[in-house]
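J.: What follows is input24.tsv; its format and atoms are TSV, C-alpha atoms and all ligand atoms.
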chain	number	residue	atom	x	y	z
A	1	MET	CA	-11.26	5.01	-26.84
A	2	LYS	CA	-8.79	7.19	-24.98
A	3	PHE	CA	-5.72	5.99	-23.07
A	4	SER	CA	-7.12	5.48	-19.55
A	5	THR	CA	-10.24	3.76	-20.85
A	6	LYS	CA	-8.16	1.35	-22.92
A	7	ALA	CA	-5.90	0.62	-19.94
A	8	ILE	CA	-8.92	-0.48	-17.92
A	9	HIS	CA	-11.00	-2.24	-20.58
A	10	VAL	CA	-9.09	-3.58	-23.60
A	11	GLY	CA	-8.81	-7.37	-23.49
A	12	GLN	CA	-10.69	-7.43	-20.20
A	13	SER	CA	-14.39	-8.03	-20.84
A	14	ALA	CA	-16.30	-10.04	-18.23
A	15	ASP	CA	-15.34	-13.72	-18.02
A	16	PRO	CA	-17.78	-15.58	-20.32
A	17	ALA	CA	-17.88	-18.65	-18.04
A	18	THR	CA	-18.69	-16.90	-14.73
A	19	GLY	CA	-19.31	-13.20	-15.36
A	20	ALA	CA	-16.26	-12.30	-13.24
A	21	THR	CA	-15.72	-8.59	-13.94
A	22	VAL	CA	-11.99	-8.72	-13.29
A	23	ILE	CA	-10.01	-11.13	-15.43
A	24	PRO	CA	-9.25	-14.33	-13.46
A	25	ILE	CA	-5.75	-15.68	-12.84
A	26	HIS	CA	-5.90	-18.71	-15.11
A	27	LEU	CA	-3.44	-21.10	-13.49
A	28	SER	CA	-4.35	-24.18	-15.51
A	29	THR	CA	-1.30	-25.43	-17.39
A	30	THR	CA	-3.47	-27.18	-19.95
A	31	PHE	CA	-6.82	-26.68	-21.72
A	32	THR	CA	-9.28	-29.49	-22.46
A	33	GLN	CA	-9.90	-29.91	-26.17
A	34	GLU	CA	-13.11	-31.15	-27.76
A	35	GLY	CA	-11.37	-33.23	-30.40
A	36	ILE	CA	-8.21	-33.25	-32.45
A	37	GLY	CA	-7.43	-29.64	-33.34
A	38	VAL	CA	-10.72	-28.39	-31.82
A	39	HIS	CA	-10.21	-25.96	-28.91
A	40	ARG	CA	-11.08	-22.42	-27.75
A	41	GLY	CA	-7.76	-20.84	-28.67
A	42	PHE	CA	-5.70	-22.24	-25.80
A	43	GLU	CA	-3.90	-25.60	-25.60
A	44	TYR	CA	-0.98	-25.34	-23.18
A	45	GLN	CA	0.04	-22.50	-20.90
A	46	ARG	CA	3.46	-21.81	-22.46
A	47	SER	CA	1.85	-21.34	-25.90
A	48	GLY	CA	-0.99	-19.17	-24.63
A	49	ASN	CA	-2.85	-18.27	-21.45
A	50	PRO	CA	-6.01	-16.13	-21.13
A	51	THR	CA	-4.60	-13.87	-18.37
A	52	ARG	CA	-1.39	-13.28	-20.30
A	53	ALA	CA	-3.37	-12.75	-23.53
A	54	ALA	CA	-5.42	-10.00	-21.83
A	55	LEU	CA	-2.24	-8.19	-20.78
A	56	GLU	CA	-0.68	-8.58	-24.24
A	57	GLU	CA	-3.78	-7.14	-25.93
A	58	CYS	CA	-4.19	-4.28	-23.47
A	59	LEU	CA	-0.56	-3.17	-23.53
A	60	ALA	CA	-0.41	-3.33	-27.34
A	61	SER	CA	-3.54	-1.16	-27.62
A	62	LEU	CA	-1.79	1.55	-25.56
A	63	GLU	CA	1.21	1.71	-27.92
A	64	ALA	CA	-0.65	1.93	-31.26
A	65	ASP	CA	-3.81	0.90	-33.11
A	66	GLY	CA	-3.31	-2.43	-34.83
A	67	ALA	CA	-0.33	-3.41	-32.68
A	68	ARG	CA	0.11	-6.82	-31.10
A	69	GLY	CA	1.97	-7.67	-27.91
A	70	LEU	CA	3.92	-10.51	-26.35
A	71	ALA	CA	4.67	-10.80	-22.62
A	72	PHE	CA	7.83	-12.36	-21.20
A	73	ALA	CA	9.30	-13.39	-17.85
A	74	SER	CA	11.44	-10.22	-17.64
A	75	GLY	CA	12.53	-7.23	-19.68
A	76	LEU	CA	15.74	-9.07	-20.55
A	77	ALA	CA	13.76	-12.17	-21.64
A	78	ALA	CA	11.88	-9.84	-24.01
A	79	THR	CA	15.21	-8.38	-25.21
A	80	ALA	CA	16.60	-11.89	-25.80
A	81	THR	CA	13.54	-12.73	-27.89
A	82	ALA	CA	13.86	-9.46	-29.82
A	83	LEU	CA	17.44	-10.43	-30.74
A	84	SER	CA	16.39	-13.95	-31.78
A	85	ILE	CA	15.84	-12.72	-35.35
A	86	LEU	CA	19.64	-12.23	-35.70
A	87	LYS	CA	22.09	-14.64	-37.30
A	88	PRO	CA	25.89	-14.86	-37.13
A	89	GLY	CA	27.37	-12.04	-39.21
A	90	ASP	CA	24.46	-9.68	-38.52
A	91	HIS	CA	25.13	-6.21	-37.17
A	92	VAL	CA	23.30	-4.00	-34.66
A	93	VAL	CA	23.66	-0.25	-34.16
A	94	ALA	CA	22.71	0.80	-30.63
A	95	GLY	CA	22.48	4.08	-28.78
A	96	GLU	CA	25.39	3.88	-26.32
A	97	ASP	CA	23.60	4.90	-23.13
A	98	LEU	CA	21.76	1.70	-22.23
A	99	TYR	CA	20.68	-0.33	-19.21
A	100	GLY	CA	23.78	-2.31	-18.11
A	101	GLY	CA	21.95	-5.64	-18.42
A	102	THR	CA	21.06	-4.91	-22.05
A	103	TYR	CA	24.72	-4.13	-22.79
A	104	ARG	CA	25.76	-7.37	-21.01
A	105	LEU	CA	23.28	-9.41	-23.10
A	106	PHE	CA	24.62	-7.82	-26.30
A	107	GLU	CA	28.30	-8.23	-25.41
A	108	LYS	CA	28.46	-11.45	-23.38
A	109	VAL	CA	25.74	-13.54	-25.03
A	110	TRP	CA	25.24	-12.32	-28.59
A	111	ARG	CA	28.70	-11.10	-29.59
A	112	PRO	CA	30.25	-14.56	-28.94
A	113	LEU	CA	27.56	-15.99	-31.24
A	114	GLY	CA	28.87	-13.88	-34.11
A	115	VAL	CA	26.64	-10.79	-33.98
A	116	SER	CA	28.48	-7.44	-33.95
A	117	PHE	CA	27.39	-4.27	-32.17
A	118	ALA	CA	28.30	-0.63	-32.79
A	119	TYR	CA	27.50	1.92	-30.08
A	120	VAL	CA	26.85	5.51	-31.08
A	121	ASP	CA	25.79	8.75	-29.44
A	122	GLY	CA	22.01	8.36	-29.49
A	123	ARG	CA	21.51	12.14	-29.48
A	124	ASP	CA	22.89	12.39	-33.01
A	125	PRO	CA	20.79	10.71	-35.75
A	126	SER	CA	23.65	11.03	-38.26
A	127	ALA	CA	25.81	8.82	-36.00
A	128	PHE	CA	23.36	5.95	-36.61
A	129	HIS	CA	23.60	6.56	-40.33
A	130	ALA	CA	27.40	6.57	-40.24
A	131	ALA	CA	27.51	3.27	-38.31
A	132	LEU	CA	25.26	1.30	-40.69
A	133	THR	CA	26.81	-1.56	-42.64
A	134	SER	CA	25.35	-3.82	-45.29
A	135	ARG	CA	24.76	-6.36	-42.47
A	136	THR	CA	22.86	-4.01	-40.11
A	137	ARG	CA	19.54	-5.63	-39.26
A	138	LEU	CA	18.62	-3.84	-36.04
A	139	VAL	CA	18.85	-0.34	-34.67
A	140	TRP	CA	18.32	-0.28	-30.90
A	141	LEU	CA	17.74	2.64	-28.61
A	142	GLU	CA	16.45	3.80	-25.27
A	143	THR	CA	14.90	7.24	-24.99
A	144	PRO	CA	15.10	8.74	-22.43
A	145	THR	CA	18.18	6.66	-21.66
A	146	ASN	CA	19.15	4.83	-18.50
A	147	PRO	CA	20.73	6.50	-16.52
A	148	LEU	CA	21.69	9.75	-18.27
A	149	LEU	CA	18.19	10.70	-19.53
A	150	ARG	CA	19.46	11.55	-23.01
A	151	LEU	CA	16.96	11.61	-25.85
A	152	ALA	CA	17.04	10.09	-29.30
A	153	ASP	CA	14.94	11.50	-32.13
A	154	ILE	CA	12.76	8.46	-32.90
A	155	ALA	CA	11.28	9.81	-36.15
A	156	ALA	CA	14.67	10.77	-37.61
A	157	ILE	CA	16.35	7.51	-36.62
A	158	GLY	CA	13.31	5.51	-37.79
A	159	GLU	CA	13.75	6.99	-41.28
A	160	ILE	CA	17.45	6.13	-41.30
A	161	ALA	CA	16.76	2.54	-40.18
A	162	ALA	CA	13.94	2.02	-42.68
A	163	ALA	CA	16.01	3.38	-45.59
A	164	ALA	CA	18.73	0.83	-44.69
A	165	GLY	CA	16.23	-2.04	-44.44
A	166	ALA	CA	16.86	-2.40	-40.68
A	167	TRP	CA	14.28	-2.65	-37.88
A	168	LEU	CA	14.19	0.12	-35.26
A	169	ILE	CA	13.39	-1.16	-31.75
A	170	VAL	CA	12.82	1.41	-29.00
A	171	ASP	CA	13.04	0.49	-25.33
A	172	ASN	CA	10.12	2.57	-24.02
A	173	THR	CA	10.53	1.55	-20.37
A	174	PHE	CA	11.34	5.03	-19.01
A	175	ALA	CA	8.64	6.95	-20.89
A	176	THR	CA	5.80	4.37	-21.07
A	177	PRO	CA	3.13	4.69	-23.79
A	178	TYR	CA	1.42	7.32	-21.65
A	179	LEU	CA	4.20	9.78	-22.49
A	180	GLN	CA	5.68	8.47	-25.73
A	181	ARG	CA	4.45	6.17	-28.52
A	182	PRO	CA	7.42	5.16	-30.69
A	183	LEU	CA	5.36	3.09	-33.14
A	184	GLU	CA	3.46	6.22	-34.14
A	185	LEU	CA	6.79	7.97	-34.75
A	186	GLY	CA	8.26	5.32	-37.06
A	187	ALA	CA	9.76	2.66	-34.77
A	188	HIS	CA	9.04	-0.92	-35.84
A	189	ALA	CA	8.75	-2.31	-32.32
A	190	VAL	CA	8.71	-1.28	-28.69
A	191	LEU	CA	10.26	-3.12	-25.76
A	192	HIS	CA	9.27	-2.78	-22.11
A	193	SER	CA	10.62	-3.90	-18.83
A	194	THR	CA	7.07	-4.12	-17.39
A	195	THR	CA	8.84	-4.55	-14.02
A	196	LYS	CA	8.95	-0.75	-13.96
A	197	TYR	CA	6.13	1.78	-14.58
A	198	ILE	CA	3.76	-0.67	-16.31
A	199	GLY	CA	3.57	-2.97	-13.26
A	200	GLY	CA	4.16	0.10	-11.12
A	201	HIS	CA	4.35	-1.37	-7.62
A	202	SER	CA	7.80	-3.03	-7.45
A	203	ASP	CA	6.22	-6.43	-6.93
A	204	VAL	CA	6.39	-8.17	-10.32
A	205	VAL	CA	9.14	-8.77	-12.89
A	206	GLY	CA	8.17	-8.92	-16.57
A	207	GLY	CA	8.84	-7.72	-20.09
A	208	ALA	CA	7.00	-7.15	-23.34
A	209	LEU	CA	7.42	-6.60	-27.06
A	210	VAL	CA	4.83	-4.69	-29.09
A	211	THR	CA	4.79	-4.34	-32.88
A	212	ARG	CA	2.57	-3.81	-35.93
A	213	GLU	CA	5.02	-5.66	-38.20
A	214	ALA	CA	3.64	-9.13	-38.97
A	215	ASP	CA	7.15	-10.51	-39.71
A	216	LEU	CA	8.47	-9.46	-36.32
A	217	TYR	CA	5.37	-10.56	-34.44
A	218	ASP	CA	5.36	-14.01	-36.06
A	219	ALA	CA	9.08	-14.58	-35.44
A	220	TRP	CA	8.82	-13.44	-31.80
A	221	LYS	CA	5.60	-15.36	-31.13
A	222	PHE	CA	7.31	-18.48	-32.45
A	223	HIS	CA	10.36	-17.84	-30.24
A	224	GLN	CA	8.22	-17.08	-27.19
A	225	ASN	CA	6.77	-20.58	-27.40
A	226	ALA	CA	9.86	-22.35	-28.73
A	227	ALA	CA	12.30	-20.89	-26.17
A	228	GLY	CA	9.64	-20.53	-23.46
A	229	GLY	CA	10.53	-17.33	-21.59
A	230	VAL	CA	6.86	-16.57	-20.92
A	231	LEU	CA	5.25	-14.42	-18.23
A	232	GLY	CA	3.35	-16.55	-15.68
A	233	PRO	CA	-0.40	-16.02	-15.10
A	234	PHE	CA	-0.07	-14.46	-11.63
A	235	GLU	CA	2.60	-12.08	-12.90
A	236	ALA	CA	0.40	-11.24	-15.91
A	237	TRP	CA	-2.52	-10.50	-13.58
A	238	LEU	CA	-0.46	-8.25	-11.28
A	239	THR	CA	0.95	-6.40	-14.29
A	240	LEU	CA	-2.53	-5.91	-15.73
A	241	ARG	CA	-3.75	-4.59	-12.39
A	242	GLY	CA	-0.88	-2.10	-12.32
A	243	LEU	CA	-1.49	-1.06	-15.92
A	244	LYS	CA	-5.05	0.10	-15.10
A	245	THR	CA	-3.67	3.06	-13.11
A	246	LEU	CA	-0.70	3.89	-15.35
A	247	ALA	CA	-2.16	7.24	-16.48
A	248	LEU	CA	-2.83	8.44	-12.93
A	249	ARG	CA	0.50	7.23	-11.65
A	250	MET	CA	2.48	8.83	-14.48
A	251	GLU	CA	0.84	12.19	-13.77
A	252	GLY	CA	2.06	11.93	-10.17
A	253	HIS	CA	5.57	10.75	-11.16
A	254	CYS	CA	5.96	13.61	-13.65
A	255	ARG	CA	4.75	16.24	-11.19
A	256	ASN	CA	7.00	15.05	-8.37
A	257	ALA	CA	10.03	14.52	-10.61
A	258	LEU	CA	9.83	18.08	-11.92
A	259	HIS	CA	9.52	19.35	-8.35
A	260	VAL	CA	12.56	17.31	-7.24
A	261	ALA	CA	14.61	18.35	-10.31
A	262	GLU	CA	13.86	22.03	-9.71
A	263	TYR	CA	14.81	21.67	-6.05
A	264	LEU	CA	18.09	19.90	-6.86
A	265	GLN	CA	18.95	22.46	-9.52
A	266	GLY	CA	19.15	25.11	-6.83
A	267	HIS	CA	21.23	22.97	-4.44
A	268	ALA	CA	24.94	23.62	-4.05
A	269	ARG	CA	25.80	19.92	-3.62
A	270	ALA	CA	24.21	18.91	-6.94
A	271	SER	CA	26.79	19.94	-9.51
A	272	LYS	CA	24.64	18.83	-12.45
A	273	VAL	CA	20.94	17.97	-12.61
A	274	ILE	CA	19.55	16.02	-15.55
A	275	TYR	CA	15.80	16.00	-16.21
A	276	PRO	CA	14.27	16.36	-19.70
A	277	GLY	CA	11.63	18.69	-18.24
A	278	LEU	CA	14.17	21.33	-17.20
A	279	SER	CA	14.85	24.04	-19.75
A	280	SER	CA	18.56	23.48	-18.93
A	281	HIS	CA	18.32	19.98	-20.50
A	282	PRO	CA	20.05	20.31	-23.90
A	283	GLN	CA	17.25	18.31	-25.57
A	284	HIS	CA	14.33	19.92	-23.76
A	285	GLU	CA	12.68	20.95	-27.05
A	286	LEU	CA	12.84	17.41	-28.47
A	287	ALA	CA	11.45	16.08	-25.17
A	288	ARG	CA	8.51	18.50	-25.41
A	289	ARG	CA	7.71	17.28	-28.92
A	290	GLN	CA	8.32	13.59	-28.46
A	291	MET	CA	7.04	13.01	-24.92
A	292	SER	CA	3.55	14.57	-24.85
A	293	GLY	CA	4.84	17.65	-23.02
A	294	ARG	CA	5.62	15.71	-19.85
A	295	PHE	CA	8.94	14.19	-18.97
A	296	GLY	CA	8.69	11.12	-16.73
A	297	GLY	CA	9.64	10.21	-13.20
A	298	MET	CA	13.43	9.77	-13.44
A	299	VAL	CA	15.90	12.42	-12.29
A	300	THR	CA	19.68	11.98	-12.41
A	301	PHE	CA	22.21	14.24	-10.73
A	302	GLU	CA	25.89	14.48	-9.98
A	303	MET	CA	27.38	15.09	-6.55
A	304	GLU	CA	30.77	16.64	-5.91
A	305	GLY	CA	32.95	14.29	-3.85
A	306	GLY	CA	32.37	11.08	-5.80
A	307	ILE	CA	31.55	7.73	-4.22
A	308	ALA	CA	32.13	8.84	-0.60
A	309	ALA	CA	29.71	11.74	-0.90
A	310	VAL	CA	27.10	9.54	-2.59
A	311	ASN	CA	27.48	6.83	0.04
A	312	SER	CA	26.86	9.18	2.95
A	313	PHE	CA	23.90	10.74	1.07
A	314	VAL	CA	22.17	7.41	0.36
A	315	LYS	CA	22.70	6.20	3.93
A	316	ARG	CA	20.91	9.28	5.26
A	317	LEU	CA	17.85	8.91	3.04
A	318	ASN	CA	14.67	7.84	4.85
A	319	LEU	CA	11.82	7.91	2.33
A	320	PHE	CA	13.91	7.09	-0.75
A	321	SER	CA	15.13	3.47	-0.59
A	322	PHE	CA	18.65	2.87	-1.83
A	323	ALA	CA	17.85	0.15	-4.35
A	324	GLU	CA	18.03	-0.95	-7.97
A	325	SER	CA	15.00	-0.75	-10.27
A	326	LEU	CA	12.55	2.09	-10.88
A	327	GLY	CA	9.02	2.97	-11.79
A	328	GLY	CA	7.21	1.86	-8.63
A	329	VAL	CA	4.97	4.06	-6.49
A	330	GLU	CA	7.77	4.38	-3.91
A	331	SER	CA	10.84	6.54	-4.44
A	332	LEU	CA	14.23	4.90	-5.00
A	333	ALA	CA	17.80	6.14	-5.24
A	334	CYS	CA	20.41	4.15	-7.12
A	335	TYR	CA	24.14	4.39	-7.79
A	336	PRO	CA	24.47	3.38	-11.46
A	337	ASP	CA	28.28	3.12	-11.40
A	338	ALA	CA	28.22	0.06	-9.09
A	339	MET	CA	24.63	-1.13	-9.45
A	340	THR	CA	22.57	-1.02	-12.67
A	341	HIS	CA	25.55	-0.26	-14.95
A	342	GLY	CA	28.28	-2.18	-13.11
A	343	SER	CA	28.41	-4.77	-15.91
A	344	ILE	CA	29.76	-2.13	-18.34
A	345	PRO	CA	33.60	-1.90	-18.14
A	346	GLU	CA	34.76	1.12	-16.12
A	347	ALA	CA	36.50	2.88	-19.01
A	348	GLU	CA	33.34	2.54	-21.11
A	349	ARG	CA	31.19	3.87	-18.24
A	350	ARG	CA	33.40	6.94	-17.93
A	351	ARG	CA	33.49	7.50	-21.69
A	352	ARG	CA	29.69	7.34	-21.81
A	353	GLY	CA	29.30	9.85	-18.98
A	354	ILE	CA	28.54	7.62	-15.97
A	355	SER	CA	30.67	9.31	-13.32
A	356	GLU	CA	31.57	8.33	-9.76
A	357	GLY	CA	29.29	11.02	-8.39
A	358	LEU	CA	26.19	10.07	-10.40
A	359	VAL	CA	22.93	9.35	-8.55
A	360	ARG	CA	19.72	8.19	-10.24
A	361	LEU	CA	16.38	8.87	-8.58
A	362	SER	CA	13.14	7.09	-9.40
A	363	VAL	CA	10.74	9.66	-8.03
A	364	GLY	CA	7.63	7.98	-6.65
A	365	ILE	CA	4.13	9.28	-6.05
A	366	GLU	CA	4.42	10.11	-2.37
A	367	ASN	CA	3.81	13.73	-1.37
A	368	GLY	CA	6.32	15.88	-3.29
A	369	GLU	CA	7.12	18.11	-0.30
A	370	ASP	CA	7.95	15.05	1.81
A	371	LEU	CA	10.31	13.84	-0.90
A	372	VAL	CA	12.13	17.16	-1.13
A	373	ALA	CA	12.38	17.29	2.68
A	374	ASP	CA	14.01	13.85	2.65
A	375	LEU	CA	16.54	14.94	0.02
A	376	GLU	CA	17.19	18.16	1.94
A	377	GLN	CA	18.08	16.38	5.18
A	378	ALA	CA	20.13	13.73	3.39
A	379	LEU	CA	22.15	16.29	1.39
A	380	GLY	CA	22.88	17.99	4.71
H	401	LIG	O1	14.93	-6.11	-15.15
H	401	LIG	P1	14.20	-6.54	-16.37
H	401	LIG	O2	12.72	-6.60	-16.22
H	401	LIG	O3	14.78	-7.77	-17.02
H	401	LIG	O4	14.38	-5.34	-17.45
H	401	LIG	C1	15.60	-5.01	-18.05
H	401	LIG	C2	15.60	-3.56	-18.44
H	401	LIG	C3	15.38	-3.23	-19.78
H	401	LIG	N1	15.37	-1.94	-20.19
H	401	LIG	C4	15.54	-0.93	-19.32
H	401	LIG	C5	15.52	0.49	-19.82
H	401	LIG	C6	15.74	-1.19	-17.97
H	401	LIG	O5	15.90	-0.16	-17.13
H	401	LIG	C7	15.78	-2.54	-17.51
H	401	LIG	C8	16.02	-2.89	-16.09
H	401	LIG	N2	16.57	-1.83	-15.31
H	401	LIG	C9	16.85	-1.89	-13.97
H	401	LIG	C10	16.67	-2.97	-13.22
H	401	LIG	C11	17.38	-0.62	-13.42
H	401	LIG	O6	17.40	-0.44	-12.19
H	401	LIG	O7	17.77	0.23	-14.22
Show how you would write the structure in this file as structure tokens.
Ligand code: P1T
T.:
Amino acid sequence: MKFSTKAIHVGQSADPATGATVIPIHLSTTFTQEGIGVHRGFEYQRSGNPTRAALEECLASLEADGARGLAFASGLAATATALSILKPGDHVVAGEDLYGGTYRLFEKVWRPLGVSFAYVDGRDPSAFHAALTSRTRLVWLETPTNPLLRLADIAAIGEIAAAAGAWLIVDNTFATPYLQRPLELGAHAVLHSTTKYIGGHSDVVGGALVTREADLYDAWKFHQNAAGGVLGPFEAWLTLRGLKTLALRMEGHCRNALHVAEYLQGHARASKVIYPGLSSHPQHELARRQMSGRFGGMVTFEMEGGIAAVNSFVKRLNLFSFAESLGGVESLACYPDAMTHGSIPEAERRRRGISEGLVRLSVGIENGEDLVADLEQALG
């Protein structure tokens, strides 16, 4: 089966009890058992739920054959479960351009528990190699990164991690499995904030882990039930509904984002435009190889004039909402320095390349000309 067929059918055959073609929202917290230890695979909603199971199976099938998935209450709940395999003294090497909330979880929750983190330039595979220690258990990266849209070479870094006996986890939120399949390139697991493109309509928060490694799956499945950060059945149903149109939506996001990036590149007020699909992107060739020849819906650019210039720009936008998050059908503009990455100390933000003039656009699937017209009037 090909991608769009899987997205619509895997895990979603007609309900055996009623024939319902679309998977029902199974709200029941508990499942009646025929006798001690005799049941139909479900006992209690935290441990397993048919609507959530359908989403987990479908999403996993989109990442790689033979993969299994686990769905959580948010992307950060999935990240917390991913880290649950660590013990005090363990070490993590992470690409340094990361969602601010991921950095906060690493630094404010896990570091005090005795886990250490090294941050390296994700564009340089040898930097991961240089940062490894005998205690490195995880290598973590986003590609493309949030918000600077830098790329990491998954295959090269996967080899480095595997040779060191560490797991490579790739946050695939920005690319989605439609554009990039890290498990096929050598990553051991994929993480998603399904709040973004997977759900696709800015109306449901969720997260997921997908892996083919039995050790990781078993540990995470245990933690999902033991710590309980599960995705609820209504949220699972909404996410599954969004997932059905992922392929169509991503085509629209990619088309519009390229259009917006090309427009901004010619604009005097955009001093720097970052989009992996532009030949001016320093890693354009890697993006072509690693991302199925299309480059996603996120565009980041820098404005001269810093925070004051950005503030007047975002206030003038009409179609783009000035808001956190990304990946929905509607276009959003965000100011990473104070919003999504505000939990990273200022000196670290500057060192990593998050400037005072940086704007991040999540380009939606409205008409591309309308979007450019909105940017045009707002840039003035
Ligand atoms: O928000 P949540 O579903 O918990 O997902 C966290 C997360 C994980 N990974 C990446 C790459 C992300 O971008 C996010 C969340 N990001 C935003 C809310 C944002 O506006 O960037």
J.: Mind listing the residues within 8 Å of ligand LIG 401 (chain H), only C-alpha atoms and all ligand atoms counted, as a ChimeraX atom specification?
T.: /A:73-79,98-102,142,145-147,171-174,191-196,205-207,323-326,334,336,339-341
J.: Write a file of the selected residues as a PDB file, in the frame of the given file, keeping C-alpha atoms.
T.:
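Saved file out.pdb follows:
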ATOM      1  CA  ALA A  73       9.300 -13.390 -17.850  1.00  0.00           C
ATOM      2  CA  SER A  74      11.440 -10.220 -17.640  1.00  0.00           C
ATOM      3  CA  GLY A  75      12.530  -7.230 -19.680  1.00  0.00           C
ATOM      4  CA  LEU A  76      15.740  -9.070 -20.550  1.00  0.00           C
ATOM      5  CA  ALA A  77      13.760 -12.170 -21.640  1.00  0.00           C
ATOM      6  CA  ALA A  78      11.880  -9.840 -24.010  1.00  0.00           C
ATOM      7  CA  THR A  79      15.210  -8.380 -25.210  1.00  0.00           C
ATOM      8  CA  LEU A  98      21.760   1.700 -22.230  1.00  0.00           C
ATOM      9  CA  TYR A  99      20.680  -0.330 -19.210  1.00  0.00           C
ATOM     10  CA  GLY A 100      23.780  -2.310 -18.110  1.00  0.00           C
ATOM     11  CA  GLY A 101      21.950  -5.640 -18.420  1.00  0.00           C
ATOM     12  CA  THR A 102      21.060  -4.910 -22.050  1.00  0.00           C
ATOM     13  CA  GLU A 142      16.450   3.800 -25.270  1.00  0.00           C
ATOM     14  CA  THR A 145      18.180   6.660 -21.660  1.00  0.00           C
ATOM     15  CA  ASN A 146      19.150   4.830 -18.500  1.00  0.00           C
ATOM     16  CA  PRO A 147      20.730   6.500 -16.520  1.00  0.00           C
ATOM     17  CA  ASP A 171      13.040   0.490 -25.330  1.00  0.00           C
ATOM     18  CA  ASN A 172      10.120   2.570 -24.020  1.00  0.00           C
ATOM     19  CA  THR A 173      10.530   1.550 -20.370  1.00  0.00           C
ATOM     20  CA  PHE A 174      11.340   5.030 -19.010  1.00  0.00           C
ATOM     21  CA  LEU A 191      10.260  -3.120 -25.760  1.00  0.00           C
ATOM     22  CA  HIS A 192       9.270  -2.780 -22.110  1.00  0.00           C
ATOM     23  CA  SER A 193      10.620  -3.900 -18.830  1.00  0.00           C
ATOM     24  CA  THR A 194       7.070  -4.120 -17.390  1.00  0.00           C
ATOM     25  CA  THR A 195       8.840  -4.550 -14.020  1.00  0.00           C
ATOM     26  CA  LYS A 196       8.950  -0.750 -13.960  1.00  0.00           C
ATOM     27  CA  VAL A 205       9.140  -8.770 -12.890  1.00  0.00           C
ATOM     28  CA  GLY A 206       8.170  -8.920 -16.570  1.00  0.00           C
ATOM     29  CA  GLY A 207       8.840  -7.720 -20.090  1.00  0.00           C
ATOM     30  CA  ALA A 323      17.850   0.150  -4.350  1.00  0.00           C
ATOM     31  CA  GLU A 324      18.030  -0.950  -7.970  1.00  0.00           C
ATOM     32  CA  SER A 325      15.000  -0.750 -10.270  1.00  0.00           C
ATOM     33  CA  LEU A 326      12.550   2.090 -10.880  1.00  0.00           C
ATOM     34  CA  CYS A 334      20.410   4.150  -7.120  1.00  0.00           C
ATOM     35  CA  PRO A 336      24.470   3.380 -11.460  1.00  0.00           C
ATOM     36  CA  MET A 339      24.630  -1.130  -9.450  1.00  0.00           C
ATOM     37  CA  THR A 340      22.570  -1.020 -12.670  1.00  0.00           C
ATOM     38  CA  HIS A 341      25.550  -0.260 -14.950  1.00  0.00           C
TER      39      HIS A 341
END
J.: Considering only C-alpha atoms, can you say which of A:Ala257, A:Leu358, A:Ala152, A:Val93 comes closest to Thr133 in chain A?
T.: A:Val93
J.: As a PyMOL selection string, please: the residues near range 163-170 of chain A (cut-off 8 Å, all atoms listed in the file, same-chain neighbours under 5 positions excluded).
T.: chain A and resi 132+136-143+157-158+182+187-191
J.: How would the residues just chosen look if you wrote them out with C-alpha atoms as a PDB file, in the coordinates of the input?
T.:
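The resulting file, again-v6.pdb, is shown below:
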ATOM      1  CA  LEU A 132      25.260   1.300 -40.690  1.00  0.00           C
ATOM      2  CA  THR A 136      22.860  -4.010 -40.110  1.00  0.00           C
ATOM      3  CA  ARG A 137      19.540  -5.630 -39.260  1.00  0.00           C
ATOM      4  CA  LEU A 138      18.620  -3.840 -36.040  1.00  0.00           C
ATOM      5  CA  VAL A 139      18.850  -0.340 -34.670  1.00  0.00           C
ATOM      6  CA  TRP A 140      18.320  -0.280 -30.900  1.00  0.00           C
ATOM      7  CA  LEU A 141      17.740   2.640 -28.610  1.00  0.00           C
ATOM      8  CA  GLU A 142      16.450   3.800 -25.270  1.00  0.00           C
ATOM      9  CA  THR A 143      14.900   7.240 -24.990  1.00  0.00           C
ATOM     10  CA  ILE A 157      16.350   7.510 -36.620  1.00  0.00           C
ATOM     11  CA  GLY A 158      13.310   5.510 -37.790  1.00  0.00           C
ATOM     12  CA  PRO A 182       7.420   5.160 -30.690  1.00  0.00           C
ATOM     13  CA  ALA A 187       9.760   2.660 -34.770  1.00  0.00           C
ATOM     14  CA  HIS A 188       9.040  -0.920 -35.840  1.00  0.00           C
ATOM     15  CA  ALA A 189       8.750  -2.310 -32.320  1.00  0.00           C
ATOM     16  CA  VAL A 190       8.710  -1.280 -28.690  1.00  0.00           C
ATOM     17  CA  LEU A 191      10.260  -3.120 -25.760  1.00  0.00           C
TER      18      LEU A 191
END
J.: Compile the contact shell of range 108-111 of chain A as a ChimeraX atom specification: residues with an atom at most 9 Å away, counting only C-alpha atoms, same-chain residues fewer than 5 positions apart removed.
T.: /A:83,88,103,116-117
J.: With all atoms listed in the file as the basis for distance, which of A:Leu27, A:Val329, A:Ala60, A:Ala82 is at the shortest distance from Asp215 in chain A?
T.: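 Distance minimum relative to Asp215 in chain A lands on A:Ala82.
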J.: How close does range 175-291 of chain A get to range 5-10 of chain A? List, as a tab-separated table, each residue of range 175-291 of chain A within 10 Å, its nearest atom pair and the distance in Å to one decimal, counting all atoms listed in the file.
T.:
residue	atom	partner	partner_atom	distance
A:Leu240	CA	A:Ala7	CA	8.5
A:Arg241	CA	A:Ile8	CA	8.6
A:Gly242	CA	A:Ala7	CA	9.5
A:Leu243	CA	A:Ala7	CA	6.2
A:Lys244	CA	A:Ile8	CA	4.8
A:Thr245	CA	A:Ala7	CA	7.6
A:Leu246	CA	A:Ala7	CA	7.7
A:Ala247	CA	A:Ala7	CA	8.4
